[in-house]
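Student: What follows is final-v8.txt; its format and atoms are compact mmCIF, C-alpha atoms (C1' of nucleotides).
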```txt
# COMPACT_ATOMS: atom_id res chain seq x y z
CA MET F 1 81.52 206.84 215.18
CA GLU F 2 80.63 205.04 218.29
CA PRO F 3 81.01 201.31 217.90
CA ASP F 4 77.78 199.52 217.14
CA LYS F 5 75.32 201.49 219.15
CA LYS F 6 72.77 199.71 217.06
CA GLN F 7 73.97 196.29 218.07
CA GLN F 8 74.13 197.28 221.69
CA LEU F 9 70.51 198.39 221.56
CA VAL F 10 69.48 195.02 220.18
CA GLU F 11 71.58 193.33 222.82
CA THR F 12 70.00 195.07 225.80
CA ALA F 13 66.55 194.86 224.27
CA LEU F 14 66.93 191.11 223.88
CA THR F 15 68.09 190.69 227.45
CA LEU F 16 65.23 192.74 228.88
CA PHE F 17 62.52 191.40 226.59
CA TYR F 18 63.56 187.85 227.31
CA ARG F 19 63.61 188.32 231.04
CA TYR F 20 60.56 190.53 231.59
CA GLY F 21 58.49 190.22 228.43
CA VAL F 22 58.18 192.69 225.58
CA HIS F 23 55.22 194.75 226.71
CA ALA F 24 56.60 194.94 230.22
CA VAL F 25 59.76 196.70 229.07
CA GLY F 26 59.70 200.34 227.98
CA ILE F 27 61.84 202.04 225.38
CA ASN F 28 63.30 204.36 227.98
CA GLN F 29 64.44 201.45 230.10
CA ILE F 30 66.31 200.02 227.15
CA LEU F 31 67.87 203.40 226.39
CA GLU F 32 69.03 203.93 229.95
CA GLN F 33 70.59 200.51 230.20
CA SER F 34 72.38 200.79 226.89
CA ALA F 35 73.46 204.42 227.42
CA VAL F 36 72.08 205.40 224.04
CA ALA F 37 70.04 208.44 223.10
CA LYS F 38 66.45 208.09 222.00
CA LYS F 39 67.12 209.74 218.70
CA THR F 40 69.74 207.13 217.95
CA LEU F 41 67.28 204.35 218.50
CA TYR F 42 64.76 205.89 216.14
CA HIS F 43 67.52 206.53 213.68
CA HIS F 44 68.17 202.82 213.42
CA PHE F 45 64.67 201.46 213.95
CA VAL F 46 61.39 202.94 212.91
CA SER F 47 59.59 201.56 215.94
CA LYS F 48 59.76 199.34 218.99
CA ASP F 49 58.30 196.56 216.90
CA GLU F 50 61.22 196.64 214.51
CA LEU F 51 63.63 196.54 217.40
CA LEU F 52 61.77 193.48 218.59
CA LEU F 53 62.22 191.82 215.21
CA ALA F 54 65.94 192.55 215.39
CA THR F 55 66.16 190.85 218.78
CA LEU F 56 64.44 187.79 217.33
CA GLU F 57 66.99 187.66 214.56
CA LEU F 58 69.87 187.99 217.02
CA ARG F 59 68.47 185.32 219.28
CA HIS F 60 68.02 183.02 216.32
CA GLN F 61 71.68 183.41 215.31
CA ARG F 62 72.84 182.80 218.87
CA PHE F 63 70.66 179.80 219.43
CA TYR F 64 71.32 178.21 216.08
CA HIS F 65 75.07 178.45 216.31
CA TRP F 66 75.08 177.26 219.89
CA LEU F 67 73.06 174.17 218.99
CA GLN F 68 75.22 173.58 215.94
CA GLN F 69 78.32 173.52 218.11
CA GLU F 70 76.72 171.22 220.66
CA LEU F 71 75.71 168.77 217.96
CA ASN F 72 79.10 168.83 216.30
CA ARG F 73 81.05 167.95 219.42
CA ASN F 74 82.14 164.37 220.22
CA GLU F 75 81.96 162.93 216.73
CA GLY F 76 81.00 159.49 217.93
CA THR F 77 78.16 160.03 220.40
CA ASP F 78 74.49 159.68 219.69
CA PRO F 79 72.96 162.89 218.30
CA VAL F 80 69.84 162.39 220.40
CA ASP F 81 71.94 162.34 223.54
CA LYS F 82 73.74 165.46 222.43
CA LEU F 83 70.49 167.24 221.69
CA PHE F 84 68.87 166.64 225.05
CA ASP F 85 72.06 167.07 227.02
CA ALA F 86 72.42 170.45 225.36
CA LEU F 87 68.86 171.34 226.34
CA GLY F 88 69.60 170.25 229.89
CA ALA F 89 72.60 172.52 230.06
CA TRP F 90 70.52 175.40 228.71
CA PHE F 91 67.80 174.83 231.33
CA GLU F 92 70.42 174.99 234.04
CA GLY F 93 71.78 178.23 232.66
CA LYS F 94 75.02 176.56 231.70
CA ALA F 95 74.75 177.34 228.01
CA GLU F 96 76.91 180.42 228.02
CA PRO F 97 75.88 182.11 224.77
CA LEU F 98 72.22 181.80 225.73
CA GLY F 99 72.42 183.23 229.22
CA PRO F 100 69.99 182.35 232.03
CA PHE F 101 66.97 180.28 231.05
CA PHE F 102 63.55 181.91 230.80
CA GLY F 103 61.91 179.54 228.37
CA CYS F 104 62.00 179.81 224.62
CA TYR F 105 62.27 183.46 223.58
CA PHE F 106 60.29 182.72 220.47
CA GLN F 107 57.49 181.01 222.35
CA ASN F 108 57.42 183.89 224.80
CA CYS F 109 57.16 186.46 222.03
CA ALA F 110 54.57 184.39 220.22
CA ALA F 111 52.53 184.41 223.41
CA GLU F 112 52.45 188.21 223.31
CA TYR F 113 52.10 188.64 219.55
CA HIS F 114 49.95 185.84 218.17
CA GLY F 115 47.77 188.04 215.97
CA PRO F 116 46.49 186.59 212.68
CA ASP F 117 49.33 187.80 210.42
CA SER F 118 52.01 188.77 212.90
CA ALA F 119 55.54 189.24 211.60
CA VAL F 120 56.74 188.06 215.00
CA LEU F 121 54.91 184.78 214.65
CA ARG F 122 56.34 184.30 211.19
CA LEU F 123 59.92 184.80 212.41
CA CYS F 124 59.33 182.39 215.27
CA ALA F 125 58.02 179.72 212.93
CA GLN F 126 61.02 180.24 210.67
CA HIS F 127 63.39 179.79 213.57
CA LYS F 128 61.77 176.55 214.62
CA LEU F 129 61.92 175.29 211.07
CA LYS F 130 65.62 176.01 210.71
CA VAL F 131 66.38 174.31 214.00
CA LYS F 132 64.39 171.33 212.85
CA GLN F 133 66.43 171.14 209.66
CA LEU F 134 69.64 171.41 211.63
CA VAL F 135 68.68 168.51 213.83
CA ASN F 136 67.63 166.56 210.75
CA THR F 137 71.09 166.71 209.20
CA HIS F 138 72.48 165.16 212.37
CA LEU F 139 70.12 162.23 212.18
CA GLN F 140 71.73 160.92 209.00
CA SER F 141 74.06 158.83 211.11
CA TYR F 142 71.15 156.57 212.04
CA GLN F 143 70.95 155.33 208.46
CA ARG F 144 67.19 154.92 208.57
CA PRO F 145 64.82 155.03 205.63
CA GLU F 146 63.65 158.55 204.90
CA GLN F 147 60.15 158.05 206.21
CA THR F 148 61.38 156.63 209.48
CA GLN F 149 63.80 159.50 209.94
CA SER F 150 61.04 162.00 209.31
CA LEU F 151 58.92 160.32 211.95
CA LEU F 152 61.81 160.37 214.37
CA LEU F 153 62.45 164.03 213.65
CA ASP F 154 58.82 164.96 214.32
CA GLY F 155 58.92 163.11 217.61
CA LEU F 156 62.14 164.79 218.69
CA MET F 157 60.75 168.23 217.92
CA LEU F 158 57.62 167.57 219.93
CA LEU F 159 59.64 166.28 222.87
CA LYS F 160 62.00 169.24 222.61
CA GLU F 161 59.21 171.82 222.64
CA GLY F 162 57.45 170.01 225.44
CA ALA F 163 60.62 169.88 227.50
CA ILE F 164 61.36 173.58 227.09
CA ASN F 165 57.93 174.60 228.25
CA MET F 166 57.81 172.19 231.15
CA ALA F 167 61.23 173.34 232.27
CA LEU F 168 59.94 176.91 232.45
CA LEU F 169 56.67 176.17 234.22
CA HIS F 170 58.07 173.83 236.82
CA THR F 171 61.50 175.44 237.02
CA ASP F 172 62.84 171.95 236.72
CA ALA F 173 65.89 171.27 234.58
CA THR F 174 65.63 167.51 234.92
CA VAL F 175 62.86 167.34 232.32
CA ALA F 176 65.63 167.27 229.73
CA GLN F 177 66.63 163.85 231.04
CA HIS F 178 63.04 162.65 230.97
CA ALA F 179 62.70 163.86 227.42
CA LYS F 180 65.87 162.06 226.48
CA GLN F 181 64.48 158.87 227.95
CA GLN F 182 61.33 159.30 225.86
CA ALA F 183 63.45 159.88 222.78
CA ARG F 184 65.24 156.61 223.48
CA LEU F 185 61.90 154.83 223.62
CA LEU F 186 60.98 156.40 220.32
CA LEU F 187 64.22 155.20 218.75
CA GLN F 188 63.49 151.77 220.09
CA ALA F 189 60.02 151.74 218.53
CA LEU F 190 61.47 152.80 215.20
CA SER F 191 64.25 150.23 215.09
CA MET L 1 22.48 193.66 243.46
CA GLU L 2 23.55 193.32 239.91
CA PRO L 3 24.19 189.70 239.00
CA ASP L 4 27.81 188.61 239.19
CA LYS L 5 29.57 191.74 238.09
CA LYS L 6 32.59 190.09 239.56
CA GLN L 7 32.29 187.00 237.43
CA GLN L 8 31.67 189.05 234.33
CA LEU L 9 34.87 190.97 234.96
CA VAL L 10 36.84 187.74 235.18
CA GLU L 11 35.12 186.51 232.05
CA THR L 12 36.03 189.49 229.87
CA ALA L 13 39.48 189.74 231.38
CA LEU L 14 40.14 186.11 230.49
CA THR L 15 38.95 186.60 226.93
CA LEU L 16 41.07 189.69 226.37
CA PHE L 17 44.16 188.47 228.21
CA TYR L 18 44.09 185.21 226.32
CA ARG L 19 43.70 186.86 222.94
CA TYR L 20 46.03 189.86 223.29
CA GLY L 21 48.26 189.10 226.25
CA VAL L 22 48.04 190.46 229.77
CA HIS L 23 50.26 193.51 229.51
CA ALA L 24 48.71 194.47 226.20
CA VAL L 25 45.25 194.82 227.75
CA GLY L 26 44.39 197.76 230.00
CA ILE L 27 42.00 197.84 232.91
CA ASN L 28 39.84 200.41 231.15
CA GLN L 29 39.41 198.16 228.15
CA ILE L 30 38.15 195.40 230.40
CA LEU L 31 35.80 197.79 232.18
CA GLU L 32 34.33 199.13 228.95
CA GLN L 33 33.72 195.71 227.53
CA SER L 34 32.10 194.38 230.68
CA ALA L 35 30.09 197.57 231.36
CA VAL L 36 31.34 197.72 234.91
CA ALA L 37 32.56 200.72 236.87
CA LYS L 38 36.17 201.01 237.90
CA LYS L 39 35.28 201.27 241.56
CA THR L 40 33.47 197.96 241.32
CA LEU L 41 36.55 196.25 239.95
CA TYR L 42 38.71 197.55 242.76
CA HIS L 43 36.01 196.60 245.22
CA HIS L 44 36.37 192.95 244.20
CA PHE L 45 40.07 192.84 243.37
CA VAL L 46 42.89 194.73 244.97
CA SER L 47 44.84 194.93 241.72
CA LYS L 48 45.07 193.88 238.12
CA ASP L 49 47.34 191.06 239.23
CA GLU L 50 44.61 189.56 241.41
CA LEU L 51 42.19 189.77 238.55
CA LEU L 52 44.73 187.89 236.49
CA LEU L 53 44.93 185.16 239.11
CA ALA L 54 41.14 184.87 239.02
CA THR L 55 41.22 184.40 235.24
CA LEU L 56 43.77 181.63 235.66
CA GLU L 57 41.50 179.88 238.13
CA LEU L 58 38.51 180.22 235.79
CA ARG L 59 40.47 178.93 232.83
CA HIS L 60 41.69 176.01 234.88
CA GLN L 61 38.12 175.01 235.78
CA ARG L 62 36.97 175.33 232.19
CA PHE L 63 39.88 173.40 230.73
CA TYR L 64 39.84 170.66 233.33
CA HIS L 65 36.15 169.94 233.01
CA TRP L 66 36.29 170.06 229.24
CA LEU L 67 39.12 167.52 229.15
CA GLN L 68 37.37 165.37 231.72
CA GLN L 69 34.30 165.19 229.52
CA GLU L 70 36.34 164.42 226.43
CA LEU L 71 38.13 161.59 228.18
CA ASN L 72 34.91 160.14 229.61
CA ARG L 73 33.13 159.86 226.26
CA ASN L 74 33.03 156.62 224.25
CA GLU L 75 33.75 154.18 227.04
CA GLY L 76 35.58 151.74 224.80
CA THR L 77 38.04 153.84 222.82
CA ASP L 78 41.69 154.30 223.55
CA PRO L 79 42.34 157.13 226.03
CA VAL L 80 45.37 158.22 224.02
CA ASP L 81 43.21 158.68 220.95
CA LYS L 82 40.68 160.60 222.95
CA LEU L 83 43.35 162.87 224.41
CA PHE L 84 44.90 163.89 221.11
CA ASP L 85 41.61 164.08 219.26
CA ALA L 86 40.43 166.46 221.95
CA LEU L 87 43.56 168.56 221.47
CA GLY L 88 42.98 168.57 217.73
CA ALA L 89 39.46 169.85 218.20
CA TRP L 90 40.75 172.55 220.52
CA PHE L 91 43.38 173.66 218.01
CA GLU L 92 40.69 173.99 215.38
CA GLY L 93 38.56 176.08 217.70
CA LYS L 94 35.94 173.38 217.90
CA ALA L 95 36.19 172.93 221.64
CA GLU L 96 33.27 175.11 222.61
CA PRO L 97 33.97 175.83 226.26
CA LEU L 98 37.53 176.86 225.41
CA GLY L 99 36.74 179.28 222.58
CA PRO L 100 39.19 180.07 219.77
CA PHE L 101 42.70 178.70 220.12
CA PHE L 102 45.54 181.03 221.06
CA GLY L 103 47.90 178.53 222.62
CA CYS L 104 47.93 177.49 226.25
CA TYR L 105 46.72 180.37 228.43
CA PHE L 106 48.99 179.22 231.21
CA GLN L 107 52.05 179.06 229.00
CA ASN L 108 51.20 182.50 227.66
CA CYS L 109 50.88 183.96 231.13
CA ALA L 110 54.02 182.21 232.27
CA ALA L 111 55.82 183.83 229.36
CA GLU L 112 54.87 187.26 230.73
CA TYR L 113 55.26 186.49 234.43
CA HIS L 114 58.17 184.12 234.91
CA GLY L 115 59.74 185.97 237.81
CA PRO L 116 61.56 183.93 240.49
CA ASP L 117 58.62 183.48 242.87
CA SER L 118 55.67 184.43 240.75
CA ALA L 119 52.21 183.46 241.94
CA VAL L 120 51.21 183.19 238.30
CA LEU L 121 53.89 180.61 237.63
CA ARG L 122 52.78 178.64 240.66
CA LEU L 123 49.17 178.52 239.50
CA CYS L 124 50.26 177.46 236.03
CA ALA L 125 52.36 174.62 237.41
CA GLN L 126 49.43 173.52 239.59
CA HIS L 127 47.14 173.45 236.59
CA LYS L 128 49.53 171.29 234.58
CA LEU L 129 49.90 168.93 237.50
CA LYS L 130 46.16 168.45 237.91
CA VAL L 131 45.75 167.82 234.20
CA LYS L 132 48.52 165.25 234.39
CA GLN L 133 46.79 163.48 237.23
CA LEU L 134 43.52 163.51 235.32
CA VAL L 135 45.14 161.88 232.32
CA ASN L 136 46.82 159.39 234.60
CA THR L 137 43.54 158.06 235.94
CA HIS L 138 42.47 157.33 232.38
CA LEU L 139 45.56 155.27 231.68
CA GLN L 140 44.53 152.59 234.16
CA SER L 141 42.76 150.76 231.35
CA TYR L 142 46.11 149.84 229.84
CA GLN L 143 46.85 147.58 232.81
CA ARG L 144 50.56 148.28 232.76
CA PRO L 145 52.96 148.05 235.68
CA GLU L 146 53.14 151.28 237.61
CA GLN L 147 56.57 152.23 236.36
CA THR L 148 55.61 151.70 232.76
CA GLN L 149 52.48 153.78 233.17
CA SER L 150 54.47 156.57 234.75
CA LEU L 151 56.83 156.52 231.79
CA LEU L 152 53.92 156.60 229.39
CA LEU L 153 52.33 159.47 231.27
CA ASP L 154 55.54 161.52 231.13
CA GLY L 155 55.78 160.95 227.40
CA LEU L 156 52.19 161.93 226.80
CA MET L 157 52.60 165.16 228.74
CA LEU L 158 55.71 166.09 226.76
CA LEU L 159 53.97 165.36 223.48
CA LYS L 160 50.90 167.29 224.59
CA GLU L 161 52.89 170.39 225.57
CA GLY L 162 54.92 170.19 222.41
CA ALA L 163 51.82 169.88 220.28
CA ILE L 164 50.12 172.88 221.88
CA ASN L 165 53.08 175.12 221.28
CA MET L 166 53.71 173.94 217.75
CA ALA L 167 50.05 174.42 216.91
CA LEU L 168 50.32 178.06 218.00
CA LEU L 169 53.57 178.86 216.25
CA HIS L 170 52.75 177.24 212.96
CA THR L 171 49.00 177.83 213.14
CA ASP L 172 48.67 174.21 212.19
CA ALA L 173 46.03 172.07 213.83
CA THR L 174 47.30 168.85 212.28
CA VAL L 175 50.12 168.59 214.80
CA ALA L 176 47.60 166.90 217.07
CA GLN L 177 47.51 163.98 214.64
CA HIS L 178 51.30 163.87 214.47
CA ALA L 179 51.48 163.87 218.24
CA LYS L 180 48.95 161.06 218.35
CA GLN L 181 51.11 159.06 215.99
CA GLN L 182 54.10 159.60 218.23
CA ALA L 183 52.07 158.52 221.22
CA ARG L 184 51.22 155.32 219.40
CA LEU L 185 54.91 154.67 218.83
CA LEU L 186 55.52 155.25 222.50
CA LEU L 187 52.81 152.76 223.42
CA GLN L 188 54.41 150.29 221.05
CA ALA L 189 57.82 150.72 222.64
CA LEU L 190 56.30 150.15 226.09
CA SER L 191 54.36 147.01 225.20
C1' DC V 1 88.82 221.52 205.00
C1' DA V 2 84.33 220.55 204.27
C1' DT V 3 80.61 217.70 204.25
C1' DA V 4 77.66 214.18 205.78
C1' DA V 5 76.58 210.51 208.78
C1' DA V 6 76.03 209.14 213.33
C1' DG V 7 76.02 210.35 217.63
C1' DT V 8 74.63 213.33 222.10
C1' DA V 9 70.89 215.30 225.74
C1' DG V 10 66.65 215.93 226.68
C1' DA V 11 62.33 218.79 226.08
C1' DC V 12 58.02 217.83 224.41
C1' DC V 13 53.56 215.64 222.55
C1' DA V 14 49.49 213.17 223.04
C1' DC V 15 48.19 209.27 225.17
C1' DT V 16 47.66 205.39 228.21
C1' DC V 17 48.55 203.09 232.43
C1' DT V 18 46.97 201.53 237.27
C1' DG V 19 44.79 203.01 240.99
C1' DT V 20 42.08 206.53 244.15
C1' DC V 21 38.36 209.18 245.25
C1' DT V 22 33.90 211.86 245.55
C1' DA V 23 29.14 211.90 245.11
C1' DC V 24 25.19 209.56 244.08
C1' DT V 25 21.84 205.33 243.35
C1' DT V 26 19.94 200.88 244.05
C1' DG V 27 18.22 196.69 246.56
C1' DC V 28 17.93 193.85 250.29
C1' DA V 29 17.77 192.59 255.51
C1' DG V 30 16.98 193.55 260.22
C1' DC K 1 12.50 202.86 257.95
C1' DT K 2 17.03 202.43 258.29
C1' DG K 3 21.42 201.08 257.26
C1' DC K 4 24.63 198.79 254.65
C1' DA K 5 26.65 196.58 250.82
C1' DA K 6 27.18 196.86 246.04
C1' DG K 7 26.61 199.33 242.37
C1' DT K 8 26.95 203.74 239.10
C1' DA K 9 29.82 207.66 236.44
C1' DG K 10 33.68 209.73 235.95
C1' DA K 11 37.27 213.22 237.48
C1' DC K 12 41.78 212.95 239.02
C1' DA K 13 46.69 211.76 240.15
C1' DG K 14 51.22 210.42 239.00
C1' DA K 15 53.85 207.83 236.45
C1' DG K 16 54.99 205.97 232.13
C1' DT K 17 54.19 205.06 227.01
C1' DG K 18 56.08 205.34 222.06
C1' DG K 19 57.62 208.69 219.22
C1' DT K 20 59.16 213.55 217.35
C1' DC K 21 62.06 217.26 217.40
C1' DT K 22 65.66 220.98 218.05
C1' DA K 23 70.26 222.09 218.72
C1' DC K 24 74.73 220.59 219.28
C1' DT K 25 79.08 217.32 218.90
C1' DT K 26 81.90 213.86 217.12
C1' DT K 27 84.16 211.29 213.55
C1' DA K 28 85.44 209.40 209.18
C1' DT K 29 86.17 210.26 204.40
C1' DG K 30 86.43 212.48 199.69
```
For the structure just supplied, provide its representation as structure tokens.

Tutor:
Amino acid sequence: MEPDKKQQLVETALTLFYRYGVHAVGINQILEQSAVAKKTLYHHFVSKDELLLATLELRHQRFYHWLQQELNRNEGTDPVDKLFDALGAWFEGKAEPLGPFFGCYFQNCAAEYHGPDSAVLRLCAQHKLKVKQLVNTHLQSYQRPEQTQSLLLDGLMLLKEGAINMALLHTDATVAQHAKQQARLLLQALS
Amino acid sequence: MEPDKKQQLVETALTLFYRYGVHAVGINQILEQSAVAKKTLYHHFVSKDELLLATLELRHQRFYHWLQQELNRNEGTDPVDKLFDALGAWFEGKAEPLGPFFGCYFQNCAAEYHGPDSAVLRLCAQHKLKVKQLVNTHLQSYQRPEQTQSLLLDGLMLLKEGAINMALLHTDATVAQHAKQQARLLLQALS
DNA sequence: CATAAAGTAGACCACTCTGTCTACTTGCAG
DNA sequence: CTGCAAGTAGACAGAGTGGTCTACTTTATG
């Protein structure tokens, strides 16, 4: 049995979807680039939509573990610094497991599939929630009352989302530094 | 001469593109819904891409003037309040000239057309810049030193972008209130 | 050794896509 | 009245779409 044809399909699909958008990429293009037969694809996935869902899952794993690592490095340093420095590296394409930066894959997919009860949208929301929880655990070091921490967390998430989207639109990686500066101000207000 | 077939094309195209995404909507669908002949479309626009650019321009005008009005109302009140209350109304679909909320049209288009030198991306960046400048003029009332105001403006833009995207992903209009709260904290830190 | 699962290539289906083109109609301006 | 610009309907082209299917090969395992 060929090794993980399935995984390779998801891999190429993710790369192409992320770079060009989902509707802009055809099944045949994915098949060509992964050197996989059409029948094999439809053996593993019932439709293009399901393949899309698989790419979202893969991207979530990648992103989550990457961020986890970034936040776990340098025990001592401020988690806020680590968060926005990580984002900065991502914007510059220096976050290896994430590849070149084309905005948030989940936001991009949500832009194409924002129907009323879209499975895509649900997965995207789930991803954002899990990332939020991950960041939250790293804020414990601040030793703030729960309510304050929750307020801080909300602010960080807003700044993070804002930064990602501004980085894409203006192709400007320095917004991560600006966002960090804003986060510092927020910390100051909450101290 | 039929009245503004051209404008009607842009109108329907904007509605459909915004709701379903650009690649997901075909020329024929636009033609049907606007009751316009194909030849007429290609008389006014050389391609679907140019039609897309026209929709971006139209949306920019609409959005800019809507925000301008929102910020000019109630002379006395805090511009920050006005900004995020306006966003909240938009998220709830209560901003009439903008129609139902499906995220930021420019972000959505950027998600589909983020190629290296995309005209779409350029227009989107321009739009965001003009909106930023508009907000900036309304911050004069705070009477802060220039540098402080610039910092405040950056923060507001990040919060705004973040709020828009979170509102789409979580279909939750209350994020506007959360963003407003964060903006208040920012103001506090800068006072 | 046989069976079943997973793979191959690629023809094929019914559609849709953007864009072109012919042939004809309408309304205004010189 | 004429001529032109803008409009109509819709056939057509050529490529591409997602998805199904037949017929064959490989590979691991009971």

Student: What does the distance between atom CA of Asn74 of chain F and atom CA of Thr137 of chain F come to in Å, to one decimal place?

Tutor: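 It comes out at 15.8 Å.
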
Student: Any idea which chain F residues end up within 7 Å of chain L if we count all atoms listed in the file, as a ChimeraX atom specification please?

Tutor: /F:20-21,23-24,108,110-112,121,124-125,155,158-159,161-163,169-170,182,185-186,188-189

Student: Given the choices F:Val36, F:His138, F:Gly26, F:Leu9, which gets closest to chain V if the distance is worked out from only C-alpha atoms (C1' of nucleotides)?

Tutor: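 Closest residue, counting only C-alpha atoms (C1' of nucleotides): F:Val36.
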
Student: Between L:Thr15, L:Gln29, L:Thr40, L:Ser34, which is the closest to chain K once you count only C-alpha atoms (C1' of nucleotides)?

Tutor: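 Looking at the shortest contact to chain K, the residue is L:Thr40.
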
Student: Show which residues sit within 12 Å of segment 12-28 of chain K, as a PDB file with C-alpha atoms (C1' of nucleotides), keeping the file's coordinate frame. Count all atoms listed in the file, and ignore same-chain residues fewer than 4 positions away.

Tutor:
```
ATOM      1  CA  MET F   1      81.520 206.840 215.180  1.00  0.00           C
ATOM      2  CA  GLU F   2      80.630 205.040 218.290  1.00  0.00           C
ATOM      3  CA  PRO F   3      81.010 201.310 217.900  1.00  0.00           C
ATOM      4  CA  HIS F  23      55.220 194.750 226.710  1.00  0.00           C
ATOM      5  CA  ALA F  24      56.600 194.940 230.220  1.00  0.00           C
ATOM      6  CA  VAL F  25      59.760 196.700 229.070  1.00  0.00           C
ATOM      7  CA  GLY F  26      59.700 200.340 227.980  1.00  0.00           C
ATOM      8  CA  ILE F  27      61.840 202.040 225.380  1.00  0.00           C
ATOM      9  CA  ASN F  28      63.300 204.360 227.980  1.00  0.00           C
ATOM     10  CA  GLN F  29      64.440 201.450 230.100  1.00  0.00           C
ATOM     11  CA  LYS F  38      66.450 208.090 222.000  1.00  0.00           C
ATOM     12  CA  LYS F  39      67.120 209.740 218.700  1.00  0.00           C
ATOM     13  CA  LEU F  41      67.280 204.350 218.500  1.00  0.00           C
ATOM     14  CA  TYR F  42      64.760 205.890 216.140  1.00  0.00           C
ATOM     15  CA  HIS F  43      67.520 206.530 213.680  1.00  0.00           C
ATOM     16  CA  PHE F  45      64.670 201.460 213.950  1.00  0.00           C
ATOM     17  CA  VAL F  46      61.390 202.940 212.910  1.00  0.00           C
ATOM     18  CA  SER F  47      59.590 201.560 215.940  1.00  0.00           C
ATOM     19  CA  LYS F  48      59.760 199.340 218.990  1.00  0.00           C
ATOM     20  CA  ASP F  49      58.300 196.560 216.900  1.00  0.00           C
TER      21      ASP F  49
ATOM     22  CA  ALA L  24      48.710 194.470 226.200  1.00  0.00           C
TER      23      ALA L  24
ATOM     24  C1'  DT V   3      80.610 217.700 204.250  1.00  0.00           C
ATOM     25  C1'  DA V   4      77.660 214.180 205.780  1.00  0.00           C
ATOM     26  C1'  DA V   5      76.580 210.510 208.780  1.00  0.00           C
ATOM     27  C1'  DA V   6      76.030 209.140 213.330  1.00  0.00           C
ATOM     28  C1'  DG V   7      76.020 210.350 217.630  1.00  0.00           C
ATOM     29  C1'  DT V   8      74.630 213.330 222.100  1.00  0.00           C
ATOM     30  C1'  DA V   9      70.890 215.300 225.740  1.00  0.00           C
ATOM     31  C1'  DG V  10      66.650 215.930 226.680  1.00  0.00           C
ATOM     32  C1'  DA V  11      62.330 218.790 226.080  1.00  0.00           C
ATOM     33  C1'  DC V  12      58.020 217.830 224.410  1.00  0.00           C
ATOM     34  C1'  DC V  13      53.560 215.640 222.550  1.00  0.00           C
ATOM     35  C1'  DA V  14      49.490 213.170 223.040  1.00  0.00           C
ATOM     36  C1'  DC V  15      48.190 209.270 225.170  1.00  0.00           C
ATOM     37  C1'  DT V  16      47.660 205.390 228.210  1.00  0.00           C
ATOM     38  C1'  DC V  17      48.550 203.090 232.430  1.00  0.00           C
ATOM     39  C1'  DT V  18      46.970 201.530 237.270  1.00  0.00           C
ATOM     40  C1'  DG V  19      44.790 203.010 240.990  1.00  0.00           C
ATOM     41  C1'  DT V  20      42.080 206.530 244.150  1.00  0.00           C
ATOM     42  C1'  DC V  21      38.360 209.180 245.250  1.00  0.00           C
ATOM     43  C1'  DT V  22      33.900 211.860 245.550  1.00  0.00           C
TER      44       DT V  22
END
```

Student: Please report, as a tab-separated table, each residue of chain K lying at most 8 Å from chain L, together with the nearest pair of atoms and the separation in Å rounded to one decimal; use all atoms listed in the file, and order rows by chain and ascending residue number.

Tutor:
```
residue	atom	partner	partner_atom	distance
K:DA6	C1'	L:Met1	CA	6.2
K:DG7	C1'	L:Thr40	CA	7.1
K:DT8	C1'	L:Ala37	CA	6.8
K:DA9	C1'	L:Ala37	CA	7.5
```

Student: Contacts of Asn72 of chain F at 9 Å or less, counting all atoms listed in the file, minus same-chain residues fewer than 5 places along, as number ranges by chain?

Tutor: F: 67, 79, 82, 138

Student: Report the distance between atom CA of Gly99 of chain F and atom CA of Leu14 of chain F in Å, rounded to one decimal place.

Tutor: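 Result for atom CA of Gly99 of chain F versus atom CA of Leu14 of chain F: 11.0 Å, one decimal.
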
Student: Mind giving me the straight-line distance from atom CA of Leu16 of chain F to atom CA of Ile30 of chain F in Å, one decimal?

Tutor: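 Straight-line distance from atom CA of Leu16 of chain F to atom CA of Ile30 of chain F works out to 7.6 Å.
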